[in-house]
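One structure is given below, encoded as C-alpha cells.
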Amino acid sequence: MKFPMPTRFPYRLIASIALAQLLGCAAVGPEHKVPEIPLGQGWLSTADSRTETATLARWWQTLGDPELERLVELALVRNLDLRQAEQNIEASRAMLSRAEALSSPTLKASGSVQRSRTSLNGPEYNPQRSPNQTVSDVGLDASWEIDLFGSLRRQRESAEATLQMSEAEAKGLRLAVAAETARSYLAMRGAQRELAARQASVEALARILELVRRRQQAGDLPSAEVERAQARLDQAKAALPAIEARRQAAAIALGLLIGGLPESRIELAASQGAEVELGTVPVGQRADLLRRRPDIIAAERKLASATADTGAATAELFPKLTLSASAGFRALGGKNLFEEDSQRGAIGPLIAWRILDGGRVRAEIRASEARQQAAAIGYEKAVLSAISDAEKALDQYGHTRQSLAAQEKAFASTGRSTAILRQRYKLGDTSLAELLDAERELSDQQAALAQLKTSAASDLVALYKALGGGWEPPQQP
C-alpha cells in the first residue's frame with residue numbers, strides 16, 4: 001500500500017522544525033526559587049530537649065508501650081483518610097502522565113460513510129453526477145506540537161509539583177493520624193489510672209462516713225458531721241461517670257482511627273498498659289523543620305506549581321507551531337475505496353498565535369502571577385507557623401514536666417505521711433478518722449498525678465507532631 005507524498009518533499013520545513021525543537025529547551029517565564037526566610041537564632045527553650053538532629057520517623061516506638069506502637073502502626077495501614085489520600089496521589093500521578101504525553105505526537109484513526117443528496121436547484125449540482133452520493137473515508141491523522149517556548153515543559157513542571165504536593169499532604173495526614181491515635185490511646189490509659197485513684201478515694205470516704213455514723217450514734221459527734229461526710233462521698237462519686245465517659249470515648253475514637261467500627265477497640269478500656277516514658281526530645285535545629293514538616297514541603301511544592309503555571313501562561317504570548325500529517329483513502333461508494341487512485345494525504349505546519357484577544361493573555365498572566373505571590377506568602381506563613389508550633393509545643397511540654405515533677409514530690413510526701421499515720425494508728429496514737437482522711441488525700445494526689453502524666457504524654461505527642469516526626473524525610477545531598 002502506497003501513500004501519496006508531495007512532489008517536493010519539505011526538507012527545509014523538517015530541518016526548521018528540528019531546530020525549533022532544540023530551541024524549545026529554553027522555556028519562558030520565571031524559574032522556581034525557594035524563598036529565603038530568616039529562622040532566628042535558635043529555640044527559645046531547650047530545657048527539656050536536645051538540639052542534635054535525630055530521625056523521628058517512628059517516634060511512637062520511643063514511648064515504651066508495645067500496645068501503643070501496635071495501634072499506631074495499624075492505623076497507618078487501615079486509616080480511611082490515609083487510604084483516601086493515596087487515591088488523591090494516584091489522581092495527581094495520572095495528571096502528570098497526561099502532561100508528559102502532551103509533548104508526544106498524537107495519532108488518530110478515523111473512518112466514515114456519509115450518504116448525501118445534492119439539491120437539484122443548488123449551485124453545487126452537477127448534471128453529470130447523480131444527486132445521491134455515498135462518500136467513504138478512512139485514514140490516519142497525526143499531529144505534534146513543537147514546544148517552542150516551553151509551554152508544555154511548564155505544564156509538566158506544574159503537574160509534577162502538584163503530585164509532590166499531594167504526596168507531602170499525605171505525609172502530613174500520616175503524621176496527624178499517628179499523633180491522634182497516640183493521643184486517644186494515652187487519654188484512655190490516663191482515664192483508667194485516674195478512675196482507679198478516684199475509686200480508691202470514694203472507698204476511703206465511704207469508710208470515713210461509716211466511722212462518723214458510728215460516732216454520731218454513740219453521741220460523740222453531731223448529726224451535721226454525718227451530712228458533711230455524706231456530701232463529700234457523693235461529690236467524689238459524681239466525678240466517676242465523667243472519667244468513665246472519657247475512657248469510653250477514647251476507646252471509640254481508636255476504633256475509627258484504625259478504620260473499624262466504634263466498638264472494635266472497646267476491649268482496650270478494660271486492659272492495662274505500660275507507663276509511657278517521658279524523656280527529652282532531639283528537636284534539632286529550626287532549619288530541620290524545613291525538611292521534616294510536610295506542610296512546609298507541600299507549601300513549597302505549591303509555590304513551584306504556581307511558578308510553572310506562570311511560565312505556561314507567559315508562553316501564550318508567543319506563537320505555537322504544530323506539525324500535522326494525514327493519509328488515507330476517500331472515494332465515492334465503497335468498492336474502489338482502497339484502490340491506489342483513492343489515496344489521499346497531506347503534511348504541513350500549523351502556526352497559531354493569539355495576536356489580538358482583548359488582553360485575555362496578559363490578564364491570565366497577571367492572575368497567575370498573583371497566585372504565585374499568594375503561594376510564596378503561603379510558604380512563608382507555613383515556615384513561621386511551624387516554628388511557632390514547635391516553640392509552643394516545646395515550652396508546653398517543658399512546663400508540664402515541671403508540674404509533673406512537683407506533683408510527684410507532693411504525692412511522695414503524702415505517701416510518707418500516710419505511712420506514718422498508719423503506724424501511729426496501729427500504736428493507738430491517732431484516730432481512724434484522721435487516717436482515713438489521709439488515705440483519701442493520698443488517693444486525690446494519685447488522681448492528680450495521673451492527670452498530669454496524661455497531659456505530659458499528650459504534650460510530648462504534640463511536640464513530636466510539631467517537629468514533623470512520623471515519616472521519613474528525603475535525605476539531603
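Chain labels run A, B, ... following the order of the C-alpha cells; each chain numbers its residues from 1, and ligands are numbered from 1 in the order shown.
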
Out of stretch 29-115 of chain A, which residues get strand (DSSP E) from DSSP, as a PDB file with all heavy atoms, in the first residue's frame?
ATOM      1  N   SER A  49      14.972  19.440  76.034  1.00  0.00           N
ATOM      2  CA  SER A  49      15.200  18.955  74.682  1.00  0.00           C
ATOM      3  C   SER A  49      16.683  18.839  74.418  1.00  0.00           C
ATOM      4  O   SER A  49      17.521  19.338  75.168  1.00  0.00           O
ATOM      5  CB  SER A  49      14.562  19.913  73.663  1.00  0.00           C
ATOM      6  OG  SER A  49      15.197  21.179  73.733  1.00  0.00           O
ATOM      7  N   ARG A  50      17.014  18.156  73.343  1.00  0.00           N
ATOM      8  CA  ARG A  50      18.385  18.057  72.868  1.00  0.00           C
ATOM      9  C   ARG A  50      18.426  18.646  71.468  1.00  0.00           C
ATOM     10  O   ARG A  50      17.557  18.375  70.645  1.00  0.00           O
ATOM     11  CB  ARG A  50      18.841  16.596  72.848  1.00  0.00           C
ATOM     12  CG  ARG A  50      18.690  15.880  74.176  1.00  0.00           C
ATOM     13  CD  ARG A  50      19.481  14.575  74.201  1.00  0.00           C
ATOM     14  NE  ARG A  50      19.183  13.711  73.071  1.00  0.00           N
ATOM     15  CZ  ARG A  50      18.206  12.820  73.059  1.00  0.00           C
ATOM     16  NH1 ARG A  50      17.408  12.696  74.102  1.00  0.00           N
ATOM     17  NH2 ARG A  50      18.006  12.059  71.996  1.00  0.00           N
ATOM     18  N   THR A 106       0.622  12.703  18.470  1.00  0.00           N
ATOM     19  CA  THR A 106      -0.659  12.009  18.590  1.00  0.00           C
ATOM     20  C   THR A 106      -1.032  11.411  17.239  1.00  0.00           C
ATOM     21  O   THR A 106      -0.734  11.985  16.180  1.00  0.00           O
ATOM     22  CB  THR A 106      -1.772  12.963  19.047  1.00  0.00           C
ATOM     23  OG1 THR A 106      -1.931  14.013  18.085  1.00  0.00           O
ATOM     24  CG2 THR A 106      -1.419  13.575  20.392  1.00  0.00           C
ATOM     25  N   LEU A 107      -1.660  10.277  17.288  1.00  0.00           N
ATOM     26  CA  LEU A 107      -2.081   9.583  16.074  1.00  0.00           C
ATOM     27  C   LEU A 107      -3.509   9.110  16.278  1.00  0.00           C
ATOM     28  O   LEU A 107      -3.803   8.406  17.250  1.00  0.00           O
ATOM     29  CB  LEU A 107      -1.162   8.389  15.791  1.00  0.00           C
ATOM     30  CG  LEU A 107      -1.460   7.588  14.511  1.00  0.00           C
ATOM     31  CD1 LEU A 107      -1.246   8.450  13.272  1.00  0.00           C
ATOM     32  CD2 LEU A 107      -0.583   6.334  14.463  1.00  0.00           C
ATOM     33  N   LYS A 108      -4.398   9.506  15.334  1.00  0.00           N
ATOM     34  CA  LYS A 108      -5.803   9.141  15.442  1.00  0.00           C
ATOM     35  C   LYS A 108      -6.243   8.451  14.163  1.00  0.00           C
ATOM     36  O   LYS A 108      -5.875   8.866  13.060  1.00  0.00           O
ATOM     37  CB  LYS A 108      -6.673  10.386  15.680  1.00  0.00           C
ATOM     38  CG  LYS A 108      -6.409  11.099  16.991  1.00  0.00           C
ATOM     39  CD  LYS A 108      -7.420  12.203  17.233  1.00  0.00           C
ATOM     40  CE  LYS A 108      -7.286  13.304  16.203  1.00  0.00           C
ATOM     41  NZ  LYS A 108      -8.219  14.435  16.490  1.00  0.00           N
ATOM     42  N   ALA A 109      -7.017   7.409  14.335  1.00  0.00           N
ATOM     43  CA  ALA A 109      -7.617   6.712  13.193  1.00  0.00           C
ATOM     44  C   ALA A 109      -9.068   7.154  13.066  1.00  0.00           C
ATOM     45  O   ALA A 109      -9.745   7.381  14.074  1.00  0.00           O
ATOM     46  CB  ALA A 109      -7.535   5.198  13.395  1.00  0.00           C
ATOM     47  N   SER A 110      -9.525   7.274  11.834  1.00  0.00           N
ATOM     48  CA  SER A 110     -10.899   7.709  11.597  1.00  0.00           C
ATOM     49  C   SER A 110     -11.487   6.947  10.422  1.00  0.00           C
ATOM     50  O   SER A 110     -10.769   6.445   9.553  1.00  0.00           O
ATOM     51  CB  SER A 110     -10.957   9.219  11.322  1.00  0.00           C
ATOM     52  OG  SER A 110     -10.217   9.533  10.159  1.00  0.00           O
ATOM     53  N   GLY A 111     -12.778   6.860  10.383  1.00  0.00           N
ATOM     54  CA  GLY A 111     -13.489   6.213   9.284  1.00  0.00           C
ATOM     55  C   GLY A 111     -14.923   6.683   9.258  1.00  0.00           C
ATOM     56  O   GLY A 111     -15.529   6.880  10.311  1.00  0.00           O
ATOM     57  N   SER A 112     -15.437   6.912   8.089  1.00  0.00           N
ATOM     58  CA  SER A 112     -16.807   7.399   7.971  1.00  0.00           C
ATOM     59  C   SER A 112     -17.415   6.977   6.643  1.00  0.00           C
ATOM     60  O   SER A 112     -16.710   6.754   5.650  1.00  0.00           O
ATOM     61  CB  SER A 112     -16.848   8.931   8.093  1.00  0.00           C
ATOM     62  OG  SER A 112     -16.190   9.532   6.999  1.00  0.00           O
ATOM     63  N   VAL A 113     -18.713   6.852   6.673  1.00  0.00           N
ATOM     64  CA  VAL A 113     -19.508   6.621   5.462  1.00  0.00           C
ATOM     65  C   VAL A 113     -20.667   7.605   5.521  1.00  0.00           C
ATOM     66  O   VAL A 113     -21.460   7.571   6.462  1.00  0.00           O
ATOM     67  CB  VAL A 113     -20.023   5.176   5.368  1.00  0.00           C
ATOM     68  CG1 VAL A 113     -20.885   5.006   4.122  1.00  0.00           C
ATOM     69  CG2 VAL A 113     -18.856   4.192   5.347  1.00  0.00           C
ATOM     70  N   GLN A 114     -20.759   8.489   4.506  1.00  0.00           N
ATOM     71  CA  GLN A 114     -21.766   9.546   4.526  1.00  0.00           C
ATOM     72  C   GLN A 114     -22.643   9.462   3.279  1.00  0.00           C
ATOM     73  O   GLN A 114     -22.154   9.461   2.154  1.00  0.00           O
ATOM     74  CB  GLN A 114     -21.099  10.923   4.596  1.00  0.00           C
ATOM     75  CG  GLN A 114     -22.083  12.063   4.715  1.00  0.00           C
ATOM     76  CD  GLN A 114     -21.379  13.408   4.815  1.00  0.00           C
ATOM     77  OE1 GLN A 114     -20.221  13.502   4.449  1.00  0.00           O
ATOM     78  NE2 GLN A 114     -22.074  14.418   5.292  1.00  0.00           N
ATOM     79  N   ARG A 115     -23.901   9.386   3.503  1.00  0.00           N
ATOM     80  CA  ARG A 115     -24.887   9.371   2.415  1.00  0.00           C
ATOM     81  C   ARG A 115     -25.514  10.753   2.323  1.00  0.00           C
ATOM     82  O   ARG A 115     -26.030  11.269   3.310  1.00  0.00           O
ATOM     83  CB  ARG A 115     -25.967   8.323   2.710  1.00  0.00           C
ATOM     84  CG  ARG A 115     -27.065   8.216   1.676  1.00  0.00           C
ATOM     85  CD  ARG A 115     -26.560   7.632   0.379  1.00  0.00           C
ATOM     86  NE  ARG A 115     -27.657   7.431  -0.582  1.00  0.00           N
ATOM     87  CZ  ARG A 115     -27.488   7.034  -1.830  1.00  0.00           C
ATOM     88  NH1 ARG A 115     -26.247   6.782  -2.280  1.00  0.00           N
ATOM     89  NH2 ARG A 115     -28.507   6.859  -2.632  1.00  0.00           N
TER      90      ARG A 115
END

Would you list the contacts of A:Pro66 as a PyMOL selection string, taking every protein, DNA or RNA residue within 9 Å and counting only C-alpha atoms, but skipping same-chain residues closer than 4 positions in sequence? chain A and resi 61+70-71+273-274

Using only C-alpha atoms, which of the listed residues (A:Ser158, A:Gln248, A:Asn336, A:Ser223) sits closest to A:Ala187? A:Gln248

Pick out the residues sitting within 8 Å of A:Gln446, and hand them over as a list in words; count only C-alpha atoms, and ignore anything fewer than 5 positions along from it in its own chain.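 After dropping sequence-adjacent residues, the list is Glu194, Ala197 and Phe411 of chain A.
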
Residue set, stretch 72-288 of chain A restricted to alpha helix (DSSP H), as a ChimeraX atom specification: /A:72-78,80-101,151-217,223-238,240-257

Hey, which of A:Asp357, A:Glu316, A:Asp309, A:Glu167 ends up closest to A:Pro294? Count only C-alpha atoms. A:Glu167

Find the spatial neighbours of A:Glu210, counting only C-alpha atoms, within a cut-off of 12 Å - ignore same-chain residues fewer than 4 positions away - and output them as a PDB file with N, CA and C atoms, in the first residue's frame.
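around30.pdb, written as the output of this step:
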ATOM      1  N   GLU A 203     -13.776   4.936  98.131  1.00  0.00           N
ATOM      2  CA  GLU A 203     -13.773   3.896  99.166  1.00  0.00           C
ATOM      3  C   GLU A 203     -13.316   4.453 100.509  1.00  0.00           C
ATOM      4  N   ALA A 204     -12.297   5.323 100.475  1.00  0.00           N
ATOM      5  CA  ALA A 204     -11.823   5.927 101.722  1.00  0.00           C
ATOM      6  C   ALA A 204     -12.899   6.822 102.344  1.00  0.00           C
ATOM      7  N   LEU A 205     -13.590   7.605 101.519  1.00  0.00           N
ATOM      8  CA  LEU A 205     -14.658   8.467 102.030  1.00  0.00           C
ATOM      9  C   LEU A 205     -15.833   7.652 102.559  1.00  0.00           C
ATOM     10  N   ALA A 206     -16.096   6.504 101.934  1.00  0.00           N
ATOM     11  CA  ALA A 206     -17.174   5.634 102.426  1.00  0.00           C
ATOM     12  C   ALA A 206     -16.829   5.090 103.810  1.00  0.00           C
ATOM     13  N   ARG A 214     -21.034   5.906 113.196  1.00  0.00           N
ATOM     14  CA  ARG A 214     -20.942   5.165 114.457  1.00  0.00           C
ATOM     15  C   ARG A 214     -20.677   6.114 115.623  1.00  0.00           C
ATOM     16  N   ARG A 215     -19.813   7.088 115.380  1.00  0.00           N
ATOM     17  CA  ARG A 215     -19.517   8.041 116.464  1.00  0.00           C
ATOM     18  C   ARG A 215     -20.710   8.945 116.741  1.00  0.00           C
ATOM     19  N   GLN A 216     -21.485   9.260 115.704  1.00  0.00           N
ATOM     20  CA  GLN A 216     -22.673  10.085 115.920  1.00  0.00           C
ATOM     21  C   GLN A 216     -23.715   9.316 116.708  1.00  0.00           C
ATOM     22  N   GLN A 217     -23.844   8.012 116.385  1.00  0.00           N
ATOM     23  CA  GLN A 217     -24.810   7.179 117.117  1.00  0.00           C
ATOM     24  C   GLN A 217     -24.387   7.005 118.580  1.00  0.00           C
ATOM     25  N   GLU A 225     -22.078  16.417 111.131  1.00  0.00           N
ATOM     26  CA  GLU A 225     -20.852  15.804 110.641  1.00  0.00           C
ATOM     27  C   GLU A 225     -21.162  14.644 109.693  1.00  0.00           C
ATOM     28  N   VAL A 226     -22.267  13.940 109.987  1.00  0.00           N
ATOM     29  CA  VAL A 226     -22.678  12.846 109.099  1.00  0.00           C
ATOM     30  C   VAL A 226     -23.057  13.395 107.730  1.00  0.00           C
ATOM     31  N   GLU A 227     -23.818  14.483 107.746  1.00  0.00           N
ATOM     32  CA  GLU A 227     -24.223  15.091 106.473  1.00  0.00           C
ATOM     33  C   GLU A 227     -23.010  15.603 105.686  1.00  0.00           C
ATOM     34  N   ALA A 229     -19.916  14.409 105.828  1.00  0.00           N
ATOM     35  CA  ALA A 229     -19.192  13.253 105.290  1.00  0.00           C
ATOM     36  C   ALA A 229     -19.944  12.648 104.102  1.00  0.00           C
ATOM     37  N   GLN A 230     -21.284  12.622 104.206  1.00  0.00           N
ATOM     38  CA  GLN A 230     -22.087  12.098 103.103  1.00  0.00           C
ATOM     39  C   GLN A 230     -21.932  12.973 101.844  1.00  0.00           C
ATOM     40  N   LEU A 233     -18.646  12.266 100.134  1.00  0.00           N
ATOM     41  CA  LEU A 233     -18.701  10.993  99.417  1.00  0.00           C
ATOM     42  C   LEU A 233     -19.488  11.138  98.118  1.00  0.00           C
ATOM     43  N   LEU A 432      -8.944   6.772 113.688  1.00  0.00           N
ATOM     44  CA  LEU A 432      -9.234   6.188 112.388  1.00  0.00           C
ATOM     45  C   LEU A 432      -9.692   7.253 111.401  1.00  0.00           C
ATOM     46  N   ALA A 433     -10.433   8.255 111.893  1.00  0.00           N
ATOM     47  CA  ALA A 433     -10.914   9.318 111.001  1.00  0.00           C
ATOM     48  C   ALA A 433      -9.741  10.066 110.367  1.00  0.00           C
ATOM     49  N   LEU A 436      -8.129   7.745 107.764  1.00  0.00           N
ATOM     50  CA  LEU A 436      -8.929   7.625 106.540  1.00  0.00           C
ATOM     51  C   LEU A 436      -8.900   8.912 105.722  1.00  0.00           C
TER      52      LEU A 436
END

Using only C-alpha atoms: which of A:Gln199, A:Asp147, A:Leu332, A:Ala363 has the shortest distance to A:Ala238: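 Residue with the minimum atom-to-atom distance to A:Ala238: A:Gln199.
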